file target34.pdb (PDB, C-alpha atoms)
ATOM      1  CA  GLN D   1      -3.486  24.447   4.299  1.00  0.00           C
ATOM      2  CA  VAL D   2      -2.428  22.693   7.464  1.00  0.00           C
ATOM      3  CA  GLN D   3      -3.708  23.228  10.983  1.00  0.00           C
ATOM      4  CA  LEU D   4      -1.391  22.724  13.946  1.00  0.00           C
ATOM      5  CA  VAL D   5      -2.296  22.086  17.572  1.00  0.00           C
ATOM      6  CA  GLU D   6       0.341  21.865  20.287  1.00  0.00           C
ATOM      7  CA  SER D   7      -0.024  20.035  23.586  1.00  0.00           C
ATOM      8  CA  GLY D   8       2.087  18.752  26.443  1.00  0.00           C
ATOM      9  CA  GLY D   9       3.172  21.962  28.094  1.00  0.00           C
ATOM     10  CA  GLY D  10       3.066  22.482  31.828  1.00  0.00           C
ATOM     11  CA  LEU D  11       4.994  23.238  34.985  1.00  0.00           C
ATOM     12  CA  VAL D  12       8.139  21.244  35.723  1.00  0.00           C
ATOM     13  CA  GLN D  13      11.066  21.582  38.096  1.00  0.00           C
ATOM     14  CA  ALA D  14      14.545  22.340  36.822  1.00  0.00           C
ATOM     15  CA  GLY D  15      16.230  19.158  35.675  1.00  0.00           C
ATOM     16  CA  GLY D  16      12.941  17.577  34.717  1.00  0.00           C
ATOM     17  CA  SER D  17      11.530  16.554  31.350  1.00  0.00           C
ATOM     18  CA  LEU D  18       8.521  17.273  29.174  1.00  0.00           C
ATOM     19  CA  ARG D  19       7.417  16.057  25.776  1.00  0.00           C
ATOM     20  CA  LEU D  20       5.535  18.430  23.548  1.00  0.00           C
ATOM     21  CA  SER D  21       3.347  17.208  20.708  1.00  0.00           C
ATOM     22  CA  CYS D  22       2.050  18.988  17.641  1.00  0.00           C
ATOM     23  CA  ALA D  23      -0.816  17.372  15.787  1.00  0.00           C
ATOM     24  CA  ALA D  24      -1.342  18.399  12.164  1.00  0.00           C
ATOM     25  CA  SER D  25      -4.445  18.176  10.039  1.00  0.00           C
ATOM     26  CA  GLY D  26      -5.176  19.185   6.499  1.00  0.00           C
ATOM     27  CA  ARG D  27      -2.884  18.389   3.611  1.00  0.00           C
ATOM     28  CA  THR D  28      -0.480  15.458   3.612  1.00  0.00           C
ATOM     29  CA  PHE D  29       1.734  15.843   6.659  1.00  0.00           C
ATOM     30  CA  SER D  30       4.791  14.309   5.014  1.00  0.00           C
ATOM     31  CA  THR D  31       4.950  17.165   2.496  1.00  0.00           C
ATOM     32  CA  TYR D  32       5.878  19.575   5.285  1.00  0.00           C
ATOM     33  CA  ALA D  33       9.078  20.395   7.073  1.00  0.00           C
ATOM     34  CA  MET D  34       8.368  21.114  10.732  1.00  0.00           C
ATOM     35  CA  ALA D  35       9.911  23.282  13.411  1.00  0.00           C
ATOM     36  CA  TRP D  36       9.620  24.363  17.012  1.00  0.00           C
ATOM     37  CA  PHE D  37      10.067  27.938  18.148  1.00  0.00           C
ATOM     38  CA  ARG D  38       9.648  29.513  21.554  1.00  0.00           C
ATOM     39  CA  GLN D  39       8.908  32.929  22.913  1.00  0.00           C
ATOM     40  CA  ALA D  40       9.638  34.029  26.437  1.00  0.00           C
ATOM     41  CA  ARG D  41       7.777  36.956  27.930  1.00  0.00           C
ATOM     42  CA  GLY D  42       9.155  40.203  26.601  1.00  0.00           C
ATOM     43  CA  LYS D  43      11.457  38.527  24.112  1.00  0.00           C
ATOM     44  CA  GLU D  44      11.488  37.748  20.418  1.00  0.00           C
ATOM     45  CA  ARG D  45      10.307  34.386  19.173  1.00  0.00           C
ATOM     46  CA  GLU D  46      13.370  32.199  18.702  1.00  0.00           C
ATOM     47  CA  PHE D  47      14.220  29.034  16.865  1.00  0.00           C
ATOM     48  CA  VAL D  48      14.461  25.792  18.840  1.00  0.00           C
ATOM     49  CA  ALA D  49      14.520  22.860  16.411  1.00  0.00           C
ATOM     50  CA  ALA D  50      13.563  21.880  12.882  1.00  0.00           C
ATOM     51  CA  LEU D  51      13.341  18.689  10.889  1.00  0.00           C
ATOM     52  CA  ASN D  52      12.721  17.828   7.281  1.00  0.00           C
ATOM     53  CA  TRP D  53       9.843  15.798   5.897  1.00  0.00           C
ATOM     54  CA  ASN D  54      11.040  12.436   7.208  1.00  0.00           C
ATOM     55  CA  GLY D  55      13.069  13.575  10.219  1.00  0.00           C
ATOM     56  CA  GLY D  56      16.320  12.577   8.557  1.00  0.00           C
ATOM     57  CA  THR D  57      17.704  16.099   8.729  1.00  0.00           C
ATOM     58  CA  THR D  58      17.480  18.062  11.962  1.00  0.00           C
ATOM     59  CA  TYR D  59      18.640  21.434  13.243  1.00  0.00           C
ATOM     60  CA  TYR D  60      18.884  22.653  16.825  1.00  0.00           C
ATOM     61  CA  ALA D  61      19.566  25.923  18.540  1.00  0.00           C
ATOM     62  CA  ASP D  62      22.860  25.871  20.431  1.00  0.00           C
ATOM     63  CA  SER D  63      21.016  26.513  23.681  1.00  0.00           C
ATOM     64  CA  VAL D  64      19.116  23.211  23.458  1.00  0.00           C
ATOM     65  CA  LYS D  65      21.602  20.890  21.754  1.00  0.00           C
ATOM     66  CA  GLY D  66      22.105  17.721  23.740  1.00  0.00           C
ATOM     67  CA  ARG D  67      18.975  18.343  25.822  1.00  0.00           C
ATOM     68  CA  PHE D  68      16.105  18.548  23.314  1.00  0.00           C
ATOM     69  CA  THR D  69      15.201  16.081  20.583  1.00  0.00           C
ATOM     70  CA  ALA D  70      12.739  16.735  17.778  1.00  0.00           C
ATOM     71  CA  SER D  71      11.084  13.829  15.992  1.00  0.00           C
ATOM     72  CA  ARG D  72       8.057  13.105  13.869  1.00  0.00           C
ATOM     73  CA  ASP D  73       5.646  10.293  13.153  1.00  0.00           C
ATOM     74  CA  ASN D  74       4.163  10.800   9.710  1.00  0.00           C
ATOM     75  CA  ALA D  75       1.699   7.969  10.223  1.00  0.00           C
ATOM     76  CA  LYS D  76       0.235   9.920  13.160  1.00  0.00           C
ATOM     77  CA  ASN D  77       0.606  13.381  11.604  1.00  0.00           C
ATOM     78  CA  THR D  78       2.488  14.447  14.702  1.00  0.00           C
ATOM     79  CA  VAL D  79       5.796  16.081  15.535  1.00  0.00           C
ATOM     80  CA  TYR D  80       7.358  15.900  18.983  1.00  0.00           C
ATOM     81  CA  LEU D  81       9.834  17.823  21.077  1.00  0.00           C
ATOM     82  CA  GLN D  82      11.381  15.823  23.891  1.00  0.00           C
ATOM     83  CA  MET D  83      12.873  18.242  26.402  1.00  0.00           C
ATOM     84  CA  ASN D  84      15.260  16.920  29.039  1.00  0.00           C
ATOM     85  CA  SER D  85      17.398  18.609  31.677  1.00  0.00           C
ATOM     86  CA  LEU D  86      15.097  21.597  31.596  1.00  0.00           C
ATOM     87  CA  LYS D  87      16.342  24.929  32.898  1.00  0.00           C
ATOM     88  CA  PRO D  88      14.430  27.985  34.128  1.00  0.00           C
ATOM     89  CA  GLU D  89      15.587  29.819  30.991  1.00  0.00           C
ATOM     90  CA  ASP D  90      13.613  27.309  28.906  1.00  0.00           C
ATOM     91  CA  THR D  91      10.419  28.878  30.251  1.00  0.00           C
ATOM     92  CA  ALA D  92       8.422  30.135  27.265  1.00  0.00           C
ATOM     93  CA  ASP D  93       5.462  29.563  25.030  1.00  0.00           C
ATOM     94  CA  TYR D  94       6.415  26.886  22.517  1.00  0.00           C
ATOM     95  CA  TYR D  95       5.094  27.008  18.984  1.00  0.00           C
ATOM     96  CA  CYS D  96       4.949  24.418  16.256  1.00  0.00           C
ATOM     97  CA  ALA D  97       5.461  25.604  12.671  1.00  0.00           C
ATOM     98  CA  ALA D  98       5.220  24.039   9.227  1.00  0.00           C
ATOM     99  CA  ALA D  99       6.615  24.809   5.795  1.00  0.00           C
ATOM    100  CA  ASP D 100       6.183  23.188   2.417  1.00  0.00           C
ATOM    101  CA  GLN D 101       9.167  20.861   2.124  1.00  0.00           C
ATOM    102  CA  ASN D 102       9.943  21.801  -1.474  1.00  0.00           C
ATOM    103  CA  ASN D 103      10.273  25.476  -0.598  1.00  0.00           C
ATOM    104  CA  TRP D 104      11.843  24.965   2.816  1.00  0.00           C
ATOM    105  CA  ARG D 105      14.940  23.243   1.476  1.00  0.00           C
ATOM    106  CA  TYR D 106      15.928  26.459  -0.303  1.00  0.00           C
ATOM    107  CA  ARG D 107      15.359  28.689   2.695  1.00  0.00           C
ATOM    108  CA  ASP D 108      16.864  29.226   6.135  1.00  0.00           C
ATOM    109  CA  PRO D 109      15.523  26.372   8.292  1.00  0.00           C
ATOM    110  CA  LEU D 110      16.149  28.479  11.401  1.00  0.00           C
ATOM    111  CA  GLY D 111      14.257  31.523  10.209  1.00  0.00           C
ATOM    112  CA  ARG D 112      10.753  32.401  11.309  1.00  0.00           C
ATOM    113  CA  GLY D 113       9.959  33.673   7.846  1.00  0.00           C
ATOM    114  CA  SER D 114      10.545  30.248   6.339  1.00  0.00           C
ATOM    115  CA  TYR D 115       7.382  28.888   7.951  1.00  0.00           C
ATOM    116  CA  GLY D 116       3.908  29.756   6.817  1.00  0.00           C
ATOM    117  CA  TYR D 117       1.814  27.813   9.286  1.00  0.00           C
ATOM    118  CA  TRP D 118       1.794  28.167  13.039  1.00  0.00           C
ATOM    119  CA  GLY D 119       0.021  26.642  15.998  1.00  0.00           C
ATOM    120  CA  GLN D 120      -1.400  28.549  18.957  1.00  0.00           C
ATOM    121  CA  GLY D 121       1.390  27.551  21.322  1.00  0.00           C
ATOM    122  CA  THR D 122       1.708  25.652  24.583  1.00  0.00           C
ATOM    123  CA  GLN D 123       3.180  27.104  27.736  1.00  0.00           C
ATOM    124  CA  VAL D 124       6.212  25.596  29.446  1.00  0.00           C
ATOM    125  CA  THR D 125       7.282  26.819  32.869  1.00  0.00           C
ATOM    126  CA  VAL D 126      10.429  25.550  34.532  1.00  0.00           C
ATOM    127  CA  SER D 127      10.783  26.349  38.207  1.00  0.00           C
ATOM    128  CA  SER D 128      14.149  26.653  39.930  1.00  0.00           C
TER     129      SER D 128
END

call {"tool": "encode", "arguments": {"input": "target34.pdb", "output": "structure tokens"}}
result
Amino acid sequence: QVQLVESGGGLVQAGGSLRLSCAASGRTFSTYAMAWFRQARGKEREFVAALNWNGGTTYYADSVKGRFTASRDNAKNTVYLQMNSLKPEDTADYYCAAADQNNWRYRDPLGRGSYGYWGQGTQVTVSS
């Protein structure tokens, strides 16, 4: 089991930046692949970014490529999402997710169903 707690959300103007954090507790953090998803009001939860156990392999949604960067610090049991050049359409609740690395590498890293552990989310609002 792993517990995930997101932080760092808030209100920011378009063009601004935020850094989200996701702190993990429980089993060894480095045995998990991690991901960020987001869900805007009235929409499906969508993939944002994912990274393998050491951050050496990363995936990004086309809508955030070049603006968002996912990273992790296994010594701190934390994964980050640096969000730059934010747009109003980035407004959503952002969720951290985890998957056992050994299973994850055989599954779709962009798929919600590939992740068995989820945080409660942190809200990001980008004003125009």

call {"tool": "residues_around", "arguments": {"input": "target34.pdb", "residues": "D:Leu11", "least_positions_apart": "6", "cutoff": "8 Å", "atoms": "all atoms listed in the file", "output": "list of chain:residue names"}}
result
D:Val124, D:Thr125, D:Val126, D:Ser127

call {"tool": "resolve_selection", "arguments": {"input": "target34.pdb", "expression": "the PyMOL selection byres ((chain D and resi 82) around 12)", "output": "PyMOL selection string"}}
result
chain D and resi 8-9+16-22+36+48-49+64-72+79-81+83-86

call {"tool": "write_last_selection", "arguments": {"input": "target34.pdb", "atoms": "C-alpha atoms", "output": "mmCIF file, keeping the file's coordinate frame"}}
result
data_model
loop_
_atom_site.group_PDB
_atom_site.id
_atom_site.type_symbol
_atom_site.label_atom_id
_atom_site.label_comp_id
_atom_site.auth_asym_id
_atom_site.auth_seq_id
_atom_site.Cartn_x
_atom_site.Cartn_y
_atom_site.Cartn_z
ATOM 1 C CA GLY D 8 2.087 18.752 26.443
ATOM 2 C CA GLY D 9 3.172 21.962 28.094
ATOM 3 C CA GLY D 16 12.941 17.577 34.717
ATOM 4 C CA SER D 17 11.530 16.554 31.350
ATOM 5 C CA LEU D 18 8.521 17.273 29.174
ATOM 6 C CA ARG D 19 7.417 16.057 25.776
ATOM 7 C CA LEU D 20 5.535 18.430 23.548
ATOM 8 C CA SER D 21 3.347 17.208 20.708
ATOM 9 C CA CYS D 22 2.050 18.988 17.641
ATOM 10 C CA TRP D 36 9.620 24.363 17.012
ATOM 11 C CA VAL D 48 14.461 25.792 18.840
ATOM 12 C CA ALA D 49 14.520 22.860 16.411
ATOM 13 C CA VAL D 64 19.116 23.211 23.458
ATOM 14 C CA LYS D 65 21.602 20.890 21.754
ATOM 15 C CA GLY D 66 22.105 17.721 23.740
ATOM 16 C CA ARG D 67 18.975 18.343 25.822
ATOM 17 C CA PHE D 68 16.105 18.548 23.314
ATOM 18 C CA THR D 69 15.201 16.081 20.583
ATOM 19 C CA ALA D 70 12.739 16.735 17.778
ATOM 20 C CA SER D 71 11.084 13.829 15.992
ATOM 21 C CA ARG D 72 8.057 13.105 13.869
ATOM 22 C CA VAL D 79 5.796 16.081 15.535
ATOM 23 C CA TYR D 80 7.358 15.900 18.983
ATOM 24 C CA LEU D 81 9.834 17.823 21.077
ATOM 25 C CA MET D 83 12.873 18.242 26.402
ATOM 26 C CA ASN D 84 15.260 16.920 29.039
ATOM 27 C CA SER D 85 17.398 18.609 31.677
ATOM 28 C CA LEU D 86 15.097 21.597 31.596
#

call {"tool": "resolve_selection", "arguments": {"input": "target34.pdb", "expression": "the PyMOL selection byres ((chain D and resi 37) around 8)", "output": "list in words"}}
result
Ala35, Trp36, Arg38, Gln39, Arg45, Glu46, Phe47, Val48, Ala49, Tyr94, Tyr95, Cys96 and Ala97 of chain D

call {"tool": "closest_residue", "arguments": {"input": "target34.pdb", "among": "D:Glu6, D:Asn77, D:Asn52, D:Ala40", "to": "D:Ala92", "atoms": "all atoms listed in the file"}}
result
D:Ala40

call {"tool": "resolve_selection", "arguments": {"input": "target34.pdb", "expression": "the PyMOL selection byres ((chain D and resi 30) around 6)", "output": "VMD selection string"}}
result
chain D and resid 28 to 29 31 to 32 53 74

call {"tool": "closest_residue", "arguments": {"input": "target34.pdb", "among": "D:Gly119, D:Pro109, D:Gly15, D:Gly26", "to": "D:Glu89", "atoms": "all atoms listed in the file"}}
result
D:Gly15

call {"tool": "residues_around", "arguments": {"input": "target34.pdb", "residues": "D:Leu51", "least_positions_apart": "3", "cutoff": "6 Å", "atoms": "all atoms listed in the file", "output": "list in words"}}
result
Ala33, Met34, Gly55, Thr57 and Thr58 of chain D

call {"tool": "write_last_selection", "arguments": {"input": "target34.pdb", "atoms": "C-alpha atoms", "output": "mmCIF file, in the frame of the given file"}}
result
data_model
loop_
_atom_site.group_PDB
_atom_site.id
_atom_site.type_symbol
_atom_site.label_atom_id
_atom_site.label_comp_id
_atom_site.auth_asym_id
_atom_site.auth_seq_id
_atom_site.Cartn_x
_atom_site.Cartn_y
_atom_site.Cartn_z
ATOM 1 C CA ALA D 33 9.078 20.395 7.073
ATOM 2 C CA MET D 34 8.368 21.114 10.732
ATOM 3 C CA GLY D 55 13.069 13.575 10.219
ATOM 4 C CA THR D 57 17.704 16.099 8.729
ATOM 5 C CA THR D 58 17.480 18.062 11.962
#

call {"tool": "closest_residue", "arguments": {"input": "target34.pdb", "among": "D:Lys43, D:Asp73, D:Asn54, D:Lys87", "to": "D:Gln13", "atoms": "all atoms listed in the file"}}
result
D:Lys87

call {"tool": "axis_aligned_box", "arguments": {"input": "target34.pdb", "around": "stretch 96-103 of chain D", "padding_each_side": "3 Å", "output": "JSON"}}
result
{"center_x": 7.6, "center_y": 23.2, "center_z": 7.4, "size_x": 11.3, "size_y": 10.7, "size_z": 23.7}

call {"tool": "closest_residue", "arguments": {"input": "target34.pdb", "among": "D:Ala50, D:Gln1, D:Ala99, D:Gly10", "to": "D:Tyr115", "atoms": "all atoms listed in the file"}}
result
D:Ala99

call {"tool": "closest_residue", "arguments": {"input": "target34.pdb", "among": "D:Ala14, D:Leu4, D:Ala61, D:Ala75", "to": "D:Gly116", "atoms": "only C-alpha atoms"}}
result
D:Leu4

call {"tool": "atom_distance", "arguments": {"input": "target34.pdb", "atom1": "atom CA of D:Ala24", "atom2": "atom CA of D:Val12"}}
result
25.6 Å

call {"tool": "atom_distance", "arguments": {"input": "target34.pdb", "atom1": "atom CA of D:Tyr106", "atom2": "atom CA of D:Asp90"}}
result
29.3 Å

call {"tool": "atom_distance", "arguments": {"input": "target34.pdb", "atom1": "atom CA of D:Ser7", "atom2": "atom CA of D:Asp108"}}
result
26.0 Å
